[in-house]
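Visitor: What follows is the file my_file34.tsv, containing TSV, C-alpha atoms:
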chain	number	residue	atom	x	y	z
P	29	MET	CA	78.30	-26.42	-35.65
P	30	ILE	CA	77.87	-27.38	-31.99
P	31	ILE	CA	77.48	-24.15	-30.00
P	32	VAL	CA	79.53	-24.21	-26.81
P	33	TRP	CA	79.12	-20.63	-25.59
P	34	MET	CA	77.61	-17.32	-26.71
P	35	SER	CA	77.08	-13.79	-25.47
P	36	ARG	CA	75.33	-10.72	-26.86
P	37	LEU	CA	76.95	-7.27	-26.78
P	38	GLU	CA	75.49	-3.91	-27.73
P	39	LYS	CA	76.34	-0.22	-27.90
P	40	THR	CA	74.26	2.93	-28.33
P	41	GLU	CA	75.21	5.18	-31.24
P	42	VAL	CA	75.27	8.98	-30.99
P	43	SER	CA	72.05	8.98	-32.99
P	44	GLY	CA	70.37	6.88	-30.31
P	45	GLN	CA	70.26	3.72	-32.39
P	46	VAL	CA	71.42	0.54	-30.69
P	47	ARG	CA	73.92	-1.66	-32.49
P	48	SER	CA	74.24	-5.23	-31.23
P	49	GLY	CA	75.69	-8.57	-32.14
P	50	LEU	CA	76.44	-12.08	-30.95
P	51	VAL	CA	79.76	-13.67	-30.05
P	52	THR	CA	79.62	-17.42	-30.52
P	53	VAL	CA	82.08	-20.18	-29.70
P	54	GLY	CA	81.41	-23.50	-31.37
P	55	GLU	CA	83.00	-26.77	-32.44
P	56	GLU	CA	82.74	-28.24	-35.90
P	57	GLU	CA	84.59	-31.27	-37.27
P	58	GLY	CA	87.25	-31.09	-34.57
P	59	LYS	CA	87.90	-27.35	-34.97
P	60	TRP	CA	87.04	-24.42	-32.73
P	61	LEU	CA	85.20	-21.48	-34.27
P	62	VAL	CA	84.83	-18.02	-32.69
P	63	LEU	CA	82.40	-15.80	-34.58
P	64	TRP	CA	81.12	-12.23	-34.29
P	65	GLU	CA	77.81	-11.59	-36.05
P	66	GLN	CA	76.00	-8.26	-36.08
P	67	ASP	CA	72.26	-8.06	-35.68
P	68	GLY	CA	69.99	-6.38	-38.21
P	69	GLU	CA	70.90	-4.66	-41.46
P	70	TRP	CA	74.08	-2.88	-40.48
P	71	THR	CA	76.52	-2.28	-43.28
P	72	HIS	CA	79.51	-4.59	-43.39
P	73	ASP	CA	82.14	-1.97	-44.14
P	74	THR	CA	82.56	-0.97	-40.48
P	75	GLU	CA	85.55	-2.08	-38.43
P	76	ASP	CA	83.26	-4.17	-36.20
P	77	ALA	CA	81.54	-5.99	-39.09
P	78	ASN	CA	80.86	-9.73	-39.06
P	79	SER	CA	84.07	-11.69	-38.76
P	80	THR	CA	85.63	-15.01	-37.78
P	81	TRP	CA	87.95	-14.38	-34.86
P	82	TYR	CA	89.41	-17.87	-34.77
P	83	GLU	CA	89.26	-21.17	-36.62
P	84	GLY	CA	91.60	-23.91	-35.45
P	85	GLU	CA	92.23	-26.81	-33.11
P	86	ILE	CA	94.14	-25.22	-30.22
P	87	TRP	CA	92.14	-24.43	-27.07
P	88	ALA	CA	94.57	-21.82	-25.71
P	89	GLU	CA	94.66	-19.98	-29.05
P	90	MET	CA	90.86	-20.00	-29.21
P	91	CYS	CA	90.61	-18.51	-25.70
P	92	ALA	CA	93.12	-15.78	-26.51
P	93	ALA	CA	91.31	-14.92	-29.75
P	94	LEU	CA	88.00	-14.74	-27.89
P	95	ARG	CA	89.38	-12.44	-25.21
P	96	ARG	CA	91.09	-10.24	-27.79
P	97	GLY	CA	87.90	-9.90	-29.82
P	98	VAL	CA	85.71	-9.07	-26.84
P	99	ALA	CA	88.24	-6.50	-25.62
P	100	SER	CA	88.23	-4.92	-29.09
P	101	LEU	CA	84.43	-4.59	-29.03
P	102	MET	CA	84.39	-3.14	-25.53
P	103	ARG	CA	87.05	-0.64	-26.51
P	104	LYS	CA	84.63	0.52	-29.22
P	105	GLY	CA	81.81	0.98	-26.69
P	106	TYR	CA	80.04	-2.39	-26.70
P	107	GLU	CA	78.77	-3.82	-23.42
P	108	PRO	CA	77.51	-7.34	-22.61
P	109	THR	CA	73.75	-7.71	-22.37
P	110	LEU	CA	73.21	-11.46	-21.91
P	111	GLY	CA	75.37	-14.32	-20.79
P	112	PHE	CA	78.96	-14.34	-19.55
P	113	THR	CA	81.72	-12.42	-21.28
P	114	PRO	CA	85.41	-12.87	-20.36
P	115	ASP	CA	86.45	-10.35	-17.69
P	116	THR	CA	84.30	-7.47	-18.93
P	117	GLN	CA	84.27	-5.68	-15.59
P	118	GLN	CA	88.01	-5.15	-15.21
P	119	HIS	CA	87.61	-1.43	-15.98
P	120	GLU	CA	85.39	-1.09	-12.90
P	121	ARG	CA	88.02	-2.75	-10.71
P	122	ARG	CA	90.84	-0.68	-12.16
P	123	MET	CA	88.88	2.56	-11.75
P	124	LYS	CA	89.32	2.13	-8.00
P	125	GLU	CA	93.10	2.39	-8.27
P	126	ARG	CA	94.44	5.96	-8.37
P	127	ASN	CA	97.62	4.91	-10.17
P	128	GLU	CA	95.59	3.41	-13.01
P	129	TRP	CA	94.13	6.85	-13.80
P	130	ILE	CA	97.63	8.32	-13.75
P	131	HIS	CA	98.88	5.64	-16.16
P	132	CYS	CA	95.86	6.21	-18.40
P	133	PHE	CA	96.51	9.96	-18.61
P	134	GLY	CA	100.18	9.28	-19.23
P	135	ASP	CA	99.51	6.90	-22.13
P	136	LEU	CA	97.00	9.29	-23.69
P	137	ASN	CA	99.16	12.41	-23.38
P	138	VAL	CA	102.71	11.35	-24.23
P	139	ASP	CA	105.01	14.15	-25.37
P	140	ASP	CA	106.85	12.29	-28.13
P	141	GLU	CA	109.79	14.70	-28.32
P	142	LEU	CA	110.43	14.61	-24.57
P	143	TYR	CA	109.87	10.86	-24.46
P	144	HIS	CA	112.57	10.26	-27.09
P	145	LYS	CA	114.99	12.50	-25.17
P	146	LEU	CA	114.38	10.41	-22.07
P	147	VAL	CA	114.83	7.17	-24.01
P	148	GLN	CA	118.16	8.42	-25.34
P	149	TRP	CA	119.27	9.41	-21.83
P	150	ARG	CA	118.31	5.94	-20.53
P	151	LYS	CA	120.22	4.27	-23.35
P	152	GLU	CA	123.40	6.22	-22.52
P	153	VAL	CA	123.11	5.46	-18.80
P	154	ALA	CA	122.45	1.76	-19.42
P	155	SER	CA	125.46	1.57	-21.72
P	156	SER	CA	127.73	3.29	-19.21
P	157	ILE	CA	126.83	0.91	-16.35
P	158	ARG	CA	126.35	-2.14	-18.59
P	159	ARG	CA	122.75	-2.74	-17.61
P	160	ALA	CA	119.64	-3.39	-19.66
P	161	PRO	CA	117.68	-0.15	-20.31
P	162	TYR	CA	114.54	-1.42	-18.55
P	163	TRP	CA	116.64	-1.86	-15.38
P	164	ILE	CA	117.00	1.95	-15.29
P	165	THR	CA	113.33	2.75	-15.99
P	166	THR	CA	110.55	1.11	-17.95
P	167	ASN	CA	109.04	2.66	-21.08
P	168	ARG	CA	105.85	3.22	-19.13
P	169	MET	CA	107.67	5.28	-16.49
P	170	LEU	CA	109.24	7.45	-19.19
P	171	ARG	CA	105.83	7.99	-20.79
P	172	LEU	CA	104.57	9.24	-17.43
P	173	VAL	CA	107.46	11.67	-17.14
P	174	SER	CA	106.84	13.01	-20.64
P	175	ALA	CA	103.13	13.51	-19.95
P	176	PHE	CA	103.34	15.12	-16.49
P	177	VAL	CA	106.79	16.81	-16.82
P	178	PRO	CA	107.81	16.81	-13.12
P	179	GLN	CA	110.27	19.59	-12.30
P	180	THR	CA	111.27	18.68	-8.75
P	181	LEU	CA	112.24	15.44	-7.07
P	182	GLU	CA	109.10	15.56	-4.92
P	183	GLU	CA	106.94	15.80	-8.02
P	184	LEU	CA	108.80	12.90	-9.62
P	185	LYS	CA	108.03	10.74	-6.56
P	186	GLN	CA	104.31	11.19	-7.23
P	187	LEU	CA	104.59	9.16	-10.44
P	188	PRO	CA	104.10	5.37	-10.10
P	189	GLY	CA	107.38	3.48	-10.20
P	190	PHE	CA	109.56	6.29	-8.88
P	191	GLY	CA	110.33	5.26	-5.31
P	192	GLU	CA	113.06	6.59	-3.06
P	193	ALA	CA	115.82	4.39	-4.51
P	194	LYS	CA	114.98	5.17	-8.14
P	195	VAL	CA	114.69	8.90	-7.50
P	196	HIS	CA	117.93	8.90	-5.52
P	197	ALA	CA	119.78	7.16	-8.37
P	198	TYR	CA	118.33	8.94	-11.40
P	199	GLY	CA	116.04	11.75	-10.23
P	200	GLU	CA	118.48	14.64	-10.69
P	201	ALA	CA	119.32	13.54	-14.25
P	202	ILE	CA	115.63	13.26	-15.18
P	203	ILE	CA	114.75	16.65	-13.70
P	204	ALA	CA	117.67	18.20	-15.59
P	205	ILE	CA	115.90	17.10	-18.80
P	206	THR	CA	112.37	18.11	-17.81
P	207	ALA	CA	113.02	21.36	-15.92
P	208	PRO	CA	113.45	23.62	-19.00
P	209	ILE	CA	110.27	22.31	-20.64
P	210	PRO	CA	106.96	24.14	-20.11
P	211	ARG	CA	104.08	21.98	-18.98
P	212	ARG	CA	100.30	22.01	-18.98
P	213	THR	CA	99.81	19.91	-15.85
P	214	THR	CA	100.12	20.60	-12.13
P	215	PHE	CA	101.03	18.68	-9.00
P	216	PRO	CA	99.59	17.05	-6.90
P	217	LEU	CA	97.74	14.79	-9.32
P	218	ASP	CA	94.29	14.76	-7.69
P	219	TRP	CA	92.75	16.23	-10.87
P	220	VAL	CA	93.68	13.34	-13.17
P	221	SER	CA	90.56	11.16	-12.98
P	222	ALA	CA	88.28	14.09	-13.74
P	223	ALA	CA	90.47	15.10	-16.69
P	224	VAL	CA	90.40	11.60	-18.18
P	225	GLY	CA	86.74	10.73	-17.60
P	226	PRO	CA	85.12	7.26	-17.37
P	227	ALA	CA	84.55	6.83	-21.13
P	228	ALA	CA	88.19	7.43	-22.09
P	229	PHE	CA	89.34	5.25	-19.18
P	230	LEU	CA	87.16	2.33	-20.29
P	231	GLN	CA	88.41	2.62	-23.87
P	232	TRP	CA	92.02	2.69	-22.64
P	233	VAL	CA	91.54	-0.39	-20.44
P	234	TYR	CA	90.14	-2.54	-23.23
P	235	GLN	CA	92.62	-1.27	-25.78
P	236	GLN	CA	95.32	-2.58	-23.44
P	237	GLU	CA	93.47	-5.89	-23.06
P	238	GLU	CA	93.11	-6.19	-26.82
P	239	GLN	CA	96.83	-5.59	-27.32
P	240	LYS	CA	97.68	-8.03	-24.53
P	241	MET	CA	95.53	-10.78	-26.01
P	242	SER	CA	96.85	-10.11	-29.51
P	243	GLY	CA	100.35	-10.66	-28.17
P	244	GLU	CA	99.28	-13.79	-26.30
P	245	LEU	CA	97.61	-15.22	-29.39
P	246	ASN	CA	100.68	-14.46	-31.52
P	247	ARG	CA	102.94	-16.18	-28.96
P	248	LEU	CA	100.74	-19.27	-28.93
P	249	VAL	CA	100.63	-19.46	-32.73
P	250	GLU	CA	104.40	-18.97	-32.98
P	251	LYS	CA	104.94	-21.66	-30.32
P	252	ARG	CA	102.85	-24.16	-32.29
P	253	THR	CA	104.60	-23.14	-35.53
P	254	LEU	CA	108.00	-23.77	-33.94
P	255	ILE	CA	106.99	-27.14	-32.50
P	256	ASP	CA	105.60	-28.29	-35.85
P	257	ALA	CA	108.67	-27.03	-37.73
P	258	VAL	CA	111.09	-28.81	-35.38
P	259	GLN	CA	109.14	-32.03	-35.76
P	260	GLN	CA	109.45	-31.65	-39.53
P	261	ARG	CA	113.25	-31.27	-39.08
P	262	LEU	CA	113.37	-27.97	-40.92
P	263	GLU	CA	116.67	-26.10	-41.10
P	264	PRO	CA	117.34	-23.33	-38.53
P	265	GLU	CA	117.38	-20.74	-41.31
P	266	VAL	CA	113.84	-21.73	-42.31
P	267	LEU	CA	112.67	-21.47	-38.69
P	268	MET	CA	114.27	-18.04	-38.34
P	269	GLU	CA	112.48	-16.82	-41.46
P	270	ARG	CA	109.10	-18.21	-40.43
P	271	LEU	CA	109.26	-16.68	-36.97
P	272	ASN	CA	111.14	-13.53	-37.99
P	273	VAL	CA	113.77	-13.99	-35.26
P	274	ASP	CA	117.55	-14.18	-35.18
P	275	ARG	CA	119.42	-17.36	-34.35
P	276	ARG	CA	119.93	-16.49	-30.69
P	277	GLU	CA	116.23	-15.79	-30.12
P	278	LEU	CA	115.37	-19.04	-31.90
P	279	LEU	CA	117.59	-20.96	-29.49
P	280	VAL	CA	116.06	-19.19	-26.48
P	281	ARG	CA	112.60	-20.30	-27.61
P	282	ILE	CA	113.72	-23.87	-28.24
P	283	GLU	CA	115.32	-24.06	-24.79
P	284	ALA	CA	112.10	-22.76	-23.23
P	285	LEU	CA	110.04	-25.41	-25.03
P	286	SER	CA	112.45	-28.10	-23.90
P	287	GLU	CA	112.06	-26.93	-20.29
P	288	GLU	CA	108.28	-27.20	-20.73
P	289	GLY	CA	108.69	-30.84	-21.71
P	290	TYR	CA	108.52	-30.65	-25.51
P	291	ASP	CA	110.92	-32.88	-27.43
P	292	MET	CA	113.48	-30.57	-29.01
P	293	MET	CA	116.24	-33.16	-29.16
P	294	SER	CA	115.98	-33.70	-32.92
P	295	TYR	CA	116.85	-30.02	-33.43
P	296	ALA	CA	119.78	-30.28	-31.02
P	297	ASP	CA	121.09	-33.42	-32.73
P	298	HIS	CA	120.83	-31.79	-36.15
P	299	VAL	CA	122.79	-28.65	-35.17
P	300	LEU	CA	125.35	-30.56	-33.11
P	301	SER	CA	126.09	-32.81	-36.08
P	302	GLU	CA	128.15	-29.85	-37.37
P	303	ILE	CA	130.83	-30.27	-34.69
P	304	ASP	CA	133.46	-32.91	-34.03
P	305	VAL	CA	132.39	-35.76	-31.74
P	306	ASP	CA	135.40	-35.11	-29.51
P	307	ILE	CA	134.42	-31.46	-28.95
P	308	ARG	CA	130.87	-32.50	-28.14
P	309	SER	CA	132.16	-35.03	-25.62
P	310	ARG	CA	134.43	-32.43	-24.02
P	311	ILE	CA	131.52	-30.00	-23.70
P	312	GLU	CA	129.49	-32.70	-21.93
P	313	ASP	CA	132.36	-33.47	-19.54
P	314	SER	CA	132.93	-29.78	-18.77
P	315	LEU	CA	129.25	-29.13	-18.07
P	316	GLN	CA	129.06	-32.10	-15.71
P	317	GLU	CA	132.29	-31.10	-13.99
P	318	MET	CA	131.82	-27.32	-13.72
P	319	GLY	CA	128.03	-27.04	-13.59
P	320	MET	CA	125.51	-25.69	-16.06
P	321	ASP	CA	124.74	-22.20	-14.75
P	322	TYR	CA	127.68	-20.28	-16.25
P	323	LEU	CA	128.77	-20.93	-19.82
P	324	LYS	CA	131.79	-18.66	-20.18
P	325	PRO	CA	134.10	-20.92	-18.10
P	326	ILE	CA	132.95	-23.85	-20.24
P	327	TYR	CA	133.70	-21.89	-23.41
P	328	ILE	CA	137.21	-21.00	-22.23
P	329	GLN	CA	137.97	-24.55	-21.12
P	330	ILE	CA	136.92	-25.99	-24.51
P	331	PHE	CA	138.07	-23.33	-26.96
P	332	GLY	CA	140.65	-21.34	-24.98
P	333	GLN	CA	140.85	-17.75	-23.68
P	334	GLU	CA	142.03	-16.39	-27.03
P	335	ALA	CA	138.89	-17.75	-28.71
P	336	LEU	CA	136.93	-14.96	-27.01
P	337	LYS	CA	138.61	-12.51	-29.41
P	338	GLU	CA	137.36	-14.20	-32.56
P	339	ALA	CA	134.51	-12.96	-34.76
P	340	SER	CA	131.21	-12.54	-32.91
P	341	ALA	CA	129.43	-14.95	-35.28
P	342	VAL	CA	131.94	-17.68	-34.48
P	343	ILE	CA	131.65	-17.07	-30.73
P	344	GLN	CA	127.86	-17.06	-30.91
P	345	ARG	CA	127.78	-20.37	-32.77
P	346	ARG	CA	130.11	-22.02	-30.23
P	347	TYR	CA	127.95	-20.81	-27.36
P	348	GLU	CA	124.99	-22.28	-29.23
P	349	TYR	CA	126.70	-25.68	-29.28
P	350	ILE	CA	127.32	-25.46	-25.54
P	351	ARG	CA	123.71	-24.49	-24.82
P	352	LEU	CA	122.34	-27.31	-26.96
P	353	VAL	CA	124.53	-29.88	-25.22
P	354	ARG	CA	123.36	-28.44	-21.91
P	355	MET	CA	119.76	-28.76	-23.07
P	356	GLN	CA	120.34	-32.44	-23.94
P	357	LEU	CA	121.93	-33.15	-20.56
P	358	ARG	CA	119.08	-31.45	-18.70
P	359	ASN	CA	116.55	-33.38	-20.73
P	360	PHE	CA	118.33	-36.65	-19.93
P	361	SER	CA	118.43	-35.70	-16.24
P	362	ARG	CA	114.68	-34.99	-16.17
P	363	LYS	CA	113.95	-38.36	-17.76
P	364	GLU	CA	116.23	-40.12	-15.27
P	365	GLN	CA	114.51	-38.42	-12.35
P	366	GLY	CA	111.13	-39.32	-13.77
P	367	SER	CA	112.21	-42.93	-14.16
P	368	ILE	CA	113.49	-43.07	-10.58
P	369	ARG	CA	110.21	-41.64	-9.25
P	370	SER	CA	108.26	-44.15	-11.34
P	371	ARG	CA	110.30	-47.10	-10.04
P	372	SER	CA	109.96	-45.81	-6.47
P	373	THR	CA	106.19	-45.55	-6.84
P	374	ARG	CA	105.90	-49.06	-8.31
P	375	SER	CA	108.07	-50.46	-5.51
P	376	ARG	CA	105.95	-48.78	-2.82
P	377	VAL	CA	102.74	-50.08	-4.40
P	378	ASN	CA	104.14	-53.61	-4.54
P	379	VAL	CA	105.18	-53.46	-0.85
P	380	GLU	CA	101.74	-52.21	0.15
P	381	ALA	CA	100.07	-54.89	-1.95
P	382	LYS	CA	102.11	-57.65	-0.26
P	383	ALA	CA	101.29	-56.21	3.17
P	384	VAL	CA	97.59	-56.44	2.34
Show the structure stored in the file as structure tokens.
Guide:
Amino acid sequence: MIIVWMSRLEKTEVSGQVRSGLVTVGEEEGKWLVLWEQDGEWTHDTEDANSTWYEGEIWAEMCAALRRGVASLMRKGYEPTLGFTPDTQQHERRMKERNEWIHCFGDLNVDDELYHKLVQWRKEVASSIRRAPYWITTNRMLRLVSAFVPQTLEELKQLPGFGEAKVHAYGEAIIAITAPIPRRTTFPLDWVSAAVGPAAFLQWVYQQEEQKMSGELNRLVEKRTLIDAVQQRLEPEVLMERLNVDRRELLVRIEALSEEGYDMMSYADHVLSEIDVDIRSRIEDSLQEMGMDYLKPIYIQIFGQEALKEASAVIQRRYEYIRLVRMQLRNFSRKEQGSIRSRSTRSRVNVEAKAV
């Protein structure tokens, strides 16, 4: 294996013994390897025993696996001793931000019962105004409320995310839920950093980083899986099973890949082969005539107003056809624009060459 990068990390046990190990990134036969190897005679039944964090060909996946692994070690108390380690000082930067300590305390002290009451309240409000729940408040904001239990509007404003507009719109409803509940905390929140302590804060920071990188690595792997599966012309049902997503989410991901420049046209052609050529042509004409931003007018023009009352599965499939035709048209437009730019560049070069 050709070693590309390495760094040593260590932590001191309660007993005073020092446990250490080496993170290594290498390349062997066209594959990246990311390894964690403990020093000495430590037993291998611990959660930070020797392991292979990544073995594969994708650079972005390797980087995400490396960052996830290092974050996991630092969450467990390891610190870098030699060499460079990816962003291992972020806890020191974040310690300087007062709101970070408040978020840390909130995550570590969630009142599950109160949190679920708040989630239910948010769901009802979102349904009544036809908005997504996160538009009302984020999960993180509700965790803060459950941990600190504000009982006045002024106290609520001390929690990150609750500005004047948010408190004006939803403050009274939130306080109506929290006011009857006894609490163990006080306001103002100048005591929070001392209550959390540096050790718990560091562990929280790198637990978040580990989770973030796990999600990033999963997204990268799923992206590659989808690209490979589309190239193999697998059926949509197979793709849905492999990625554990529904048909709508599958289409969202395919559209995103197409926007990034990946060739998803074989998938579009396969699905659109289900519909009549005339309908496909009418969808193309409608999109070019009415624009591609809003699909409901296209749906009504093609299938009629009454078609909106049909079974949801039928409606969803028809919208899928429209979105796939739109994806094809956008792809064709990007290629045309690229071709025009290329011809323009060649023409300018030729003119300059003749002038010389």
Visitor: What is the CA of Phe176 (chain P) to CA of Val224 (chain P) distance in Å?
Guide: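 About the pair CA of Phe176 (chain P) and CA of Val224 (chain P): they are 13.5 Å apart.
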Visitor: I'd like to know which of P:Leu248, P:Met320, P:Leu217, P:Ala339 is closest to Met90 (chain P), using only C-alpha atoms.
Guide: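 Answer, going by the shortest atom-to-atom distance: P:Leu248.
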Visitor: Taking (117.4, -18.5, -28.4) as a centre in this file's frame and 12 Å as the limit, can you find every polymer residue with an atom that close, using all atoms listed in the file, and give them as a list of chain:residue names?
Guide: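 Applying the cut-off with all atoms listed in the file, one gets P:Pro264, P:Leu267, P:Met268, P:Leu271, P:Val273, P:Asp274, P:Arg275, P:Arg276, P:Glu277, P:Leu278, P:Leu279, P:Val280, P:Arg281, P:Ile282, P:Glu283, P:Ala284, P:Leu285, P:Ser286, P:Gln344, P:Arg345, P:Tyr347, P:Glu348, P:Tyr349, P:Arg351, P:Leu352, P:Met355.
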Visitor: For Tyr162 (chain P), which residue out of P:Val147, P:Asn246, P:Leu184, P:Arg308 is the nearest one, using only C-alpha atoms?
Guide: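 Among the listed residues, P:Val147 lies closest to Tyr162 (chain P).
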Visitor: One number please: CA of Pro108 (chain P) to CA of Ala223 (chain P), in Å, one decimal.
Guide: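 Rounded to one decimal, the two atoms are 26.6 Å apart.
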Visitor: Counting all atoms listed in the file, what is within 8 Å of Trp60 (chain P), bar same-chain residues fewer than 6 positions away, as a compact mmCIF listing (two decimals) with C-alpha atoms, keeping the file's coordinate frame?
Guide:
# COMPACT_ATOMS: atom_id res chain seq x y z
CA VAL P 53 82.08 -20.18 -29.70
CA GLY P 54 81.41 -23.50 -31.37
CA TYR P 82 89.41 -17.87 -34.77
CA GLU P 83 89.26 -21.17 -36.62
CA GLY P 84 91.60 -23.91 -35.45
CA GLU P 85 92.23 -26.81 -33.11
CA ILE P 86 94.14 -25.22 -30.22
CA TRP P 87 92.14 -24.43 -27.07
CA MET P 90 90.86 -20.00 -29.21
Visitor: Would you list the contacts of Glu55 (chain P) as a VMD selection string, taking every protein, DNA or RNA residue within 9 Å and counting all atoms listed in the file, but skipping same-chain residues closer than 4 positions in sequence?
Guide: chain P and resid 29 to 32 59 to 62
Visitor: Mind checking which residues fall within 10 Å of Leu172 (chain P), counting only C-alpha atoms, ignoring those fewer than 2 positions away in the same chain, and posting them as a list in words?
Guide: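 Neighbouring residues, sequence-local ones excluded: Ile130, His131, Cys132, Phe133, Gly134, Asp135, Leu136, Asn137, Val138, Asp139, Tyr143, Asn167, Arg168, Met169, Leu170, Ser174, Ala175, Phe176, Val177, Pro178, Leu184, Leu187, Pro188 and Gly189 of chain P.
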Visitor: From the options P:Ala88, P:Ile343, P:Leu50, P:Ala77, which residue's atoms come nearest to Arg252 (chain P), counting all atoms listed in the file?
Guide: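 Going through P:Ala88, P:Ile343, P:Leu50, P:Ala77 one by one, the smallest distance to Arg252 (chain P) is for P:Ala88.
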Visitor: Expressed in Å to a single decimal, how great is the separation between CA of Arg158 (chain P) and CA of Leu181 (chain P)?
Guide: 25.3 Å
Visitor: Mind listing whatever residues come within 10 Å of the point (88.2, -6.7, -29.3)? Use only C-alpha atoms, file coordinates, and give them as JSON, numbers by chain.
Guide: {"P": [76, 81, 93, 94, 95, 96, 97, 98, 99, 100, 101, 102, 103, 104, 106, 234, 235, 237, 238, 239, 241, 242]}
Visitor: For Arg261 (chain P), find every residue with an atom within 9 Å (counting all atoms listed in the file), except residues of its own chain fewer than 4 positions away, and show them as an MDAnalysis selection string.
Guide: chainID P and resid 256:257 294:295 298
Visitor: Under the rule that all atoms listed in the file are counted, which of P:Trp163, P:Trp149, P:Tyr290, P:Phe215 is the nearest residue to Leu254 (chain P)?
Guide: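 Selected residue with least distance to Leu254 (chain P): P:Tyr290.
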Visitor: Need to verify the contact set: Arg354 (chain P), 12 Å, all atoms listed in the file, exclusion of same-chain residues closer than 5 positions in sequence. Can you return it as a compact mmCIF listing (two decimals) with C-alpha atoms, in the frame of the given file?
Guide:
# COMPACT_ATOMS: atom_id res chain seq x y z
CA GLU P 283 115.32 -24.06 -24.79
CA SER P 286 112.45 -28.10 -23.90
CA GLU P 287 112.06 -26.93 -20.29
CA MET P 293 116.24 -33.16 -29.16
CA ALA P 296 119.78 -30.28 -31.02
CA LEU P 300 125.35 -30.56 -33.11
CA ARG P 308 130.87 -32.50 -28.14
CA SER P 309 132.16 -35.03 -25.62
CA ARG P 310 134.43 -32.43 -24.02
CA ILE P 311 131.52 -30.00 -23.70
CA GLU P 312 129.49 -32.70 -21.93
CA ASP P 313 132.36 -33.47 -19.54
CA SER P 314 132.93 -29.78 -18.77
CA LEU P 315 129.25 -29.13 -18.07
CA GLN P 316 129.06 -32.10 -15.71
CA MET P 318 131.82 -27.32 -13.72
CA GLY P 319 128.03 -27.04 -13.59
CA MET P 320 125.51 -25.69 -16.06
CA ASP P 321 124.74 -22.20 -14.75
CA TYR P 322 127.68 -20.28 -16.25
CA LEU P 323 128.77 -20.93 -19.82
CA ILE P 326 132.95 -23.85 -20.24
CA TYR P 347 127.95 -20.81 -27.36
CA GLU P 348 124.99 -22.28 -29.23
CA TYR P 349 126.70 -25.68 -29.28
CA ASN P 359 116.55 -33.38 -20.73
CA PHE P 360 118.33 -36.65 -19.93
CA SER P 361 118.43 -35.70 -16.24
Visitor: Could the centre and edge lengths of an axis-aligned box, enclosing all atoms of region 36-52 of chain P in the file with 4 Å extra on each side, be given in Å to one decimal as JSON?
Guide:
{"center_x": 75.0, "center_y": -4.2, "center_z": -29.9, "size_x": 17.5, "size_y": 34.4, "size_z": 14.2}
Visitor: Please, could N, CA, C and O atoms be added to region 55-64 of chain P and the result written as a short mmCIF file (atom, residue, chain, number, x, y, z; two decimals), in the coordinates of the input?
Guide:
data_model
loop_
_atom_site.label_atom_id
_atom_site.label_comp_id
_atom_site.auth_asym_id
_atom_site.auth_seq_id
_atom_site.Cartn_x
_atom_site.Cartn_y
_atom_site.Cartn_z
N GLU P 55 82.08 -25.72 -31.99
CA GLU P 55 83.00 -26.77 -32.44
C GLU P 55 82.39 -27.46 -33.65
O GLU P 55 81.20 -27.79 -33.67
N GLU P 56 83.22 -27.60 -34.68
CA GLU P 56 82.74 -28.24 -35.90
C GLU P 56 83.88 -29.06 -36.52
O GLU P 56 84.95 -28.53 -36.81
N GLU P 57 83.63 -30.35 -36.66
CA GLU P 57 84.59 -31.27 -37.27
C GLU P 57 85.97 -31.16 -36.63
O GLU P 57 87.01 -31.12 -37.29
N GLY P 58 86.00 -31.10 -35.30
CA GLY P 58 87.25 -31.09 -34.57
C GLY P 58 87.94 -29.75 -34.51
O GLY P 58 89.06 -29.65 -34.00
N LYS P 59 87.30 -28.68 -35.00
CA LYS P 59 87.90 -27.35 -34.97
C LYS P 59 87.05 -26.41 -34.13
O LYS P 59 85.82 -26.49 -34.13
N TRP P 60 87.73 -25.49 -33.45
CA TRP P 60 87.04 -24.42 -32.73
C TRP P 60 86.76 -23.27 -33.68
O TRP P 60 87.58 -22.94 -34.53
N LEU P 61 85.59 -22.67 -33.51
CA LEU P 61 85.20 -21.48 -34.27
C LEU P 61 84.77 -20.39 -33.29
O LEU P 61 83.99 -20.66 -32.37
N VAL P 62 85.27 -19.18 -33.47
CA VAL P 62 84.83 -18.02 -32.69
C VAL P 62 84.32 -16.98 -33.68
O VAL P 62 85.09 -16.49 -34.52
N LEU P 63 83.04 -16.66 -33.59
CA LEU P 63 82.40 -15.80 -34.58
C LEU P 63 81.80 -14.56 -33.93
O LEU P 63 81.29 -14.61 -32.81
N TRP P 64 81.83 -13.46 -34.67
CA TRP P 64 81.12 -12.23 -34.29
C TRP P 64 80.15 -11.91 -35.41
O TRP P 64 80.54 -11.76 -36.56
#
